[in-house]
file input.cif (mmCIF, C-alpha atoms)
data_data
#
loop_
_atom_site.label_atom_id
_atom_site.label_comp_id
_atom_site.auth_asym_id
_atom_site.auth_seq_id
_atom_site.Cartn_x
_atom_site.Cartn_y
_atom_site.Cartn_z
CA MET A 1452 8.35 88.12 -49.61
CA LYS A 1453 11.63 86.34 -50.33
CA ARG A 1454 10.34 82.84 -49.52
CA PHE A 1455 7.08 83.41 -51.38
CA THR A 1456 8.87 84.44 -54.57
CA GLN A 1457 11.21 81.46 -54.46
CA HIS A 1458 8.29 79.08 -53.90
CA MET A 1459 6.39 80.48 -56.88
CA GLU A 1460 9.45 80.15 -59.15
CA GLU A 1461 9.91 76.50 -58.20
CA LYS A 1462 6.27 75.62 -58.97
CA TRP A 1463 6.21 77.22 -62.44
CA SER A 1464 6.14 74.73 -65.29
CA GLN A 1465 8.55 74.98 -68.22
CA LYS A 1466 5.58 75.71 -70.51
CA TYR A 1467 4.53 78.67 -68.36
CA LYS A 1468 8.10 80.02 -68.20
CA ARG A 1469 8.38 79.93 -72.00
CA SER A 1470 5.06 81.75 -72.33
CA ILE A 1471 6.25 84.79 -70.33
CA ASN A 1472 6.73 87.86 -72.52
CA CYS A 1473 9.84 89.54 -71.11
CA SER A 1474 9.18 92.65 -73.20
CA HIS A 1475 6.13 93.25 -70.98
CA PRO A 1476 6.47 91.18 -67.74
CA LYS A 1477 3.46 91.18 -65.41
CA GLY A 1478 4.16 91.59 -61.72
CA PHE A 1479 7.22 91.24 -59.53
CA SER A 1480 7.74 87.48 -60.05
CA GLN A 1481 7.75 87.70 -63.84
CA ARG A 1482 10.17 90.66 -63.72
CA ALA A 1483 12.55 88.66 -61.52
CA HIS A 1484 12.24 85.64 -63.83
CA CYS A 1485 13.05 87.79 -66.88
CA GLN A 1486 16.11 89.25 -65.17
CA GLY A 1487 17.34 85.72 -64.52
CA ARG A 1488 16.57 84.63 -68.08
CA LYS A 1489 18.64 87.54 -69.40
CA ILE A 1490 21.60 86.43 -67.28
CA HIS A 1491 21.20 82.76 -68.25
CA GLU A 1492 21.13 83.56 -71.95
CA GLY A 1493 24.09 85.97 -71.84
CA VAL A 1494 27.24 85.11 -73.76
CA GLU A 1495 29.28 86.16 -70.70
CA HIS A 1496 28.21 82.93 -68.97
CA GLY A 1497 29.15 80.72 -71.89
CA ASP A 1498 25.60 79.50 -72.65
CA THR A 1499 25.94 80.59 -76.30
CA PRO A 1500 27.70 79.79 -78.48
CA GLN A 1501 28.78 76.23 -77.71
CA PRO A 1502 31.90 74.27 -78.70
CA LYS A 1503 31.91 72.27 -81.91
CA PRO A 1504 30.91 68.59 -81.46
CA GLU A 1505 34.31 67.37 -82.69
CA TYR A 1506 36.00 69.13 -79.74
CA PHE A 1507 34.67 66.33 -77.52
CA ARG A 1508 36.10 63.61 -79.78
CA LYS A 1509 39.62 64.68 -80.76
CA PRO A 1510 42.31 67.13 -79.56
CA PHE A 1511 42.38 70.67 -80.95
CA ASN A 1512 44.06 74.05 -80.38
CA ILE A 1513 42.24 77.26 -79.49
CA SER A 1514 42.95 80.81 -78.30
CA GLY A 1515 41.13 83.08 -75.89
CA LYS A 1516 41.42 85.74 -73.19
CA ILE A 1517 41.62 85.25 -69.43
CA VAL A 1518 38.50 86.77 -67.85
CA GLN A 1519 38.86 85.27 -64.34
CA LEU A 1520 42.06 84.45 -62.49
CA ASN A 1521 42.67 83.06 -58.98
CA PRO A 1522 45.66 81.34 -57.34
CA VAL A 1523 44.63 78.10 -55.60
CA PHE A 1524 46.50 75.66 -53.35
CA ASP A 1525 45.09 72.18 -53.83
CA ILE A 1526 45.71 68.56 -54.79
CA PRO A 1527 45.61 68.25 -58.61
CA VAL A 1528 44.52 64.59 -58.67
CA LYS A 1529 43.33 62.55 -55.68
CA THR A 1530 44.63 59.14 -56.73
CA LYS A 1531 43.79 55.80 -55.12
CA LYS A 1532 47.24 55.80 -53.50
CA TYR A 1533 46.57 59.25 -52.01
CA ARG A 1534 43.19 58.19 -50.58
CA ASN A 1535 44.58 54.96 -49.10
CA THR A 1536 47.54 56.74 -47.49
CA ARG A 1537 45.28 59.41 -46.03
CA PHE A 1538 42.94 56.75 -44.62
CA ARG A 1539 45.84 54.91 -42.95
CA ILE A 1540 47.07 58.15 -41.35
CA GLY A 1541 43.60 58.77 -39.92
CA GLU A 1542 43.35 55.22 -38.55
CA ARG A 1543 46.78 55.50 -36.92
CA GLU A 1544 45.82 58.75 -35.20
CA GLY A 1545 42.52 57.25 -34.02
CA LYS A 1546 40.27 60.13 -35.01
CA SER A 1547 36.74 60.21 -36.38
CA PRO A 1548 36.60 59.59 -40.17
CA TYR A 1549 34.61 62.81 -40.48
CA VAL A 1550 37.33 64.98 -38.88
CA ASP A 1551 40.68 65.73 -40.52
CA THR A 1552 43.55 64.71 -38.24
CA PRO A 1553 46.75 66.77 -37.90
CA GLY A 1554 48.61 64.10 -39.85
CA GLN A 1555 46.06 64.15 -42.68
CA LYS A 1556 46.26 67.94 -42.89
CA ALA A 1557 50.06 67.77 -43.03
CA TYR A 1558 49.86 65.11 -45.77
CA ASP A 1559 47.41 67.25 -47.77
CA ALA A 1560 49.77 70.23 -47.55
CA LYS A 1561 52.65 68.04 -48.74
CA MET A 1562 50.68 66.78 -51.76
CA SER A 1563 49.18 70.15 -52.72
CA VAL A 1564 50.60 72.60 -55.25
CA TRP A 1565 49.88 76.17 -56.30
CA ARG A 1566 48.10 76.67 -59.63
CA TRP A 1567 46.30 79.46 -61.45
CA ARG A 1568 42.59 78.67 -61.81
CA VAL A 1569 41.50 80.49 -64.94
CA ARG A 1570 38.30 81.10 -66.88
CA ILE A 1571 38.99 81.78 -70.54
CA GLN A 1572 36.61 83.28 -73.05
CA THR A 1573 37.63 81.56 -76.27
CA ASP A 1574 37.74 83.32 -79.63
CA GLU A 1575 34.60 81.33 -80.49
CA GLY A 1576 32.73 82.83 -77.52
CA TRP A 1577 32.30 79.82 -75.20
CA MET A 1578 33.98 79.61 -71.79
CA LEU A 1579 36.81 77.26 -70.81
CA MET A 1580 37.73 76.60 -67.17
CA GLY A 1581 41.05 75.07 -66.19
CA TYR A 1582 44.40 75.48 -64.49
CA ILE A 1583 47.68 77.01 -65.65
CA GLY A 1584 51.09 76.49 -64.07
CA THR A 1585 52.24 74.33 -61.15
CA SER A 1586 54.53 75.42 -58.34
CA ASP A 1587 55.44 74.52 -54.76
CA ARG A 1588 55.35 78.22 -53.94
CA LYS A 1589 52.76 80.85 -54.81
CA GLU A 1590 55.55 83.17 -55.93
CA GLY A 1591 56.71 80.52 -58.38
CA LEU A 1592 53.57 80.68 -60.54
CA PRO A 1593 53.97 82.14 -64.05
CA PRO A 1594 53.32 85.93 -64.12
CA ILE A 1595 49.96 86.14 -65.87
CA ARG A 1596 47.06 88.57 -65.41
CA LEU A 1597 43.52 89.33 -66.52
CA GLY A 1598 43.21 90.08 -70.21
CA ASP A 1599 46.23 88.02 -71.26
CA THR A 1600 45.79 85.91 -74.38
CA VAL A 1601 46.10 82.14 -73.98
CA GLU A 1602 46.89 79.70 -76.77
CA VAL A 1603 45.74 76.30 -75.50
CA THR A 1604 47.15 73.27 -77.31
CA ASN A 1605 46.17 69.59 -77.47
CA LEU A 1606 42.87 70.22 -75.70
CA LYS A 1607 40.00 67.73 -75.66
CA LEU A 1608 36.78 68.68 -73.89
CA SER A 1609 34.96 66.65 -71.27
CA GLN A 1610 31.27 65.87 -71.77
CA MET A 1611 30.69 67.18 -68.25
CA THR A 1612 30.42 70.94 -67.98
CA GLY A 1613 30.33 73.32 -65.06
CA GLY A 1614 27.42 75.26 -63.62
CA ASN A 1615 27.24 78.82 -62.41
CA GLN A 1616 25.39 80.47 -59.54
CA MET A 1617 22.98 83.19 -60.63
CA THR A 1618 21.57 86.00 -58.52
CA TYR A 1619 18.21 87.56 -59.24
CA ALA A 1620 18.42 91.08 -57.84
CA ASP A 1621 15.33 93.23 -57.38
CA SER A 1622 14.68 96.39 -55.38
CA TRP A 1623 11.70 94.67 -53.71
CA VAL A 1624 13.90 91.93 -52.25
CA LYS A 1625 16.75 92.97 -49.98
CA GLY A 1626 19.90 91.51 -51.47
CA GLY A 1627 17.94 89.60 -54.11
CA TYR A 1628 17.77 85.82 -53.97
CA THR A 1629 19.85 83.14 -55.63
CA THR A 1630 19.28 80.15 -57.85
CA TYR A 1631 21.52 77.87 -59.88
CA SER A 1632 21.83 77.56 -63.62
CA ASP A 1633 20.96 74.18 -65.13
CA LYS A 1634 22.63 75.08 -68.43
CA ALA A 1635 26.13 74.38 -69.69
CA VAL A 1636 28.31 77.27 -68.56
CA ASP A 1637 32.01 76.37 -68.38
CA TYR A 1638 33.56 73.69 -70.55
CA ARG A 1639 36.49 71.74 -69.17
CA SER A 1640 39.39 69.58 -70.26
CA GLU A 1641 38.95 65.83 -70.44
CA ILE A 1642 42.11 65.52 -68.33
CA PHE A 1643 41.02 64.95 -64.73
CA SER A 1644 43.41 67.57 -63.31
CA ARG A 1645 41.97 70.16 -65.78
CA GLN A 1646 45.57 71.30 -66.42
CA LEU A 1647 45.84 73.38 -69.61
CA HIS A 1648 48.91 73.40 -71.85
CA GLY A 1649 50.12 76.03 -74.29
CA LYS A 1650 51.44 79.56 -73.91
CA VAL A 1651 50.29 82.90 -72.56
CA LYS A 1652 50.81 86.25 -74.29
CA ARG A 1653 50.96 89.32 -72.06
CA LYS A 1654 48.25 91.89 -72.60
CA ALA A 1655 49.57 95.17 -73.98
CA VAL A 1656 49.34 98.00 -71.45
#

call {"tool": "encode", "arguments": {"input": "input.cif", "output": "structure tokens"}}
result
Amino acid sequence: MKRFTQHMEEKWSQKYKRSINCSHPKGFSQRAHCQGRKIHEGVEHGDTPQPKPEYFRKPFNISGKIVQLNPVFDIPVKTKKYRNTRFRIGEREGKSPYVDTPGQKAYDAKMSVWRWRVRIQTDEGWMLMGYIGTSDRKEGLPPIRLGDTVEVTNLKLSQMTGGNQMTYADSWVKGGYTTYSDKAVDYRSEIFSRQLHGKVKRKAV
């Protein structure tokens, strides 16, 4: 049942999808499609509304609330110097280029930093993804939490936006099945590191 439903979804034309009346869907496949359409069109995924066109051309300031928050340990920007150094370490240790050597792993750890990866619902309704704070230690990150207000300054958006994985859940399919959104979901800073600047206001408890 799972494979059959996925196959039918992939073969549907855009014209047929638009013709489906989600007020009265016919059959299991149309019901699943309408559930997915409802998720795709939801404001919670940032599909509507969208940023103003000038936000992609010149810097601006905007406020919003943190709706997702995760600490990550990664390399902010993989520069040409970083890639060349990592390649030389791999060559020296004589390992396969497809396997990380101990030296490469140690170098990655040295170059990585802790940052907050945040998803912000702006006051205008669209979603902004980026990073806040930089620290050598996880404990050194600024004390922020879900619901805090962020005032982002000097932001300029990238033309490239992020996608989001959607799950169509239905009682007829155990666990549902997944597909990917082809719409704009998260908007991001033009700065390659996606680092956001500004200040955070603690949510009142």

call {"tool": "residues_around", "arguments": {"input": "input.cif", "residues": "Ile1471 of chain A", "least_positions_apart": "5", "cutoff": "9 Å", "atoms": "only C-alpha atoms", "output": "ChimeraX atom specification"}}
result
/A:1476-1477,1481,1484-1485

call {"tool": "atom_distance", "arguments": {"input": "input.cif", "atom1": "atom CA of Ser1640 of chain A", "atom2": "atom CA of Asn1512 of chain A"}}
result
12.0 Å

call {"tool": "resolve_selection", "arguments": {"input": "input.cif", "expression": "the PyMOL selection byres ((chain A and resi 1597-1614) around 10)", "output": "JSON, numbers by chain"}}
result
{"A": [1496, 1502, 1504, 1505, 1506, 1507, 1508, 1509, 1510, 1511, 1512, 1513, 1514, 1515, 1516, 1517, 1518, 1519, 1520, 1521, 1569, 1570, 1571, 1572, 1573, 1574, 1578, 1579, 1580, 1583, 1595, 1596, 1615, 1616, 1617, 1631, 1632, 1633, 1634, 1635, 1636, 1637, 1638, 1639, 1640, 1641, 1642, 1643, 1645, 1646, 1647, 1648, 1649, 1650, 1651, 1652, 1653, 1654, 1655]}

call {"tool": "resolve_selection", "arguments": {"input": "input.cif", "expression": "the PyMOL selection byres ((chain A and resi 1564) around 6)", "output": "PDB file with C-alpha atoms, keeping the file's coordinate frame"}}
result
ATOM      1  CA  PHE A1524      46.500  75.660 -53.350  1.00  0.00           C
ATOM      2  CA  ASP A1525      45.090  72.180 -53.830  1.00  0.00           C
ATOM      3  CA  SER A1563      49.180  70.150 -52.720  1.00  0.00           C
ATOM      4  CA  TRP A1565      49.880  76.170 -56.300  1.00  0.00           C
ATOM      5  CA  SER A1586      54.530  75.420 -58.340  1.00  0.00           C
ATOM      6  CA  ASP A1587      55.440  74.520 -54.760  1.00  0.00           C
TER       7      ASP A1587
END

call {"tool": "atom_distance", "arguments": {"input": "input.cif", "atom1": "atom CA of Ser1644 of chain A", "atom2": "atom CA of Arg1534 of chain A"}}
result
15.8 Å

call {"tool": "atom_distance", "arguments": {"input": "input.cif", "atom1": "atom CA of Tyr1582 of chain A", "atom2": "atom CA of Pro1594 of chain A"}}
result
13.7 Å

call {"tool": "residues_near_point", "arguments": {"input": "input.cif", "point": "(40.8, 56.4, -46.0)", "cutoff": "12 Å", "atoms": "all atoms listed in the file", "output": "ChimeraX atom specification"}}
result
/A:1529-1543,1546-1552,1555

call {"tool": "closest_residue", "arguments": {"input": "input.cif", "among": "A:Pro1527, A:Asp1559, A:Trp1567, A:Gly1545", "to": "Gly1584 of chain A", "atoms": "all atoms listed in the file"}}
result
A:Trp1567

call {"tool": "closest_residue", "arguments": {"input": "input.cif", "among": "A:Arg1482, A:Lys1589, A:Ile1526, A:Glu1575", "to": "Tyr1558 of chain A", "atoms": "only C-alpha atoms"}}
result
A:Ile1526
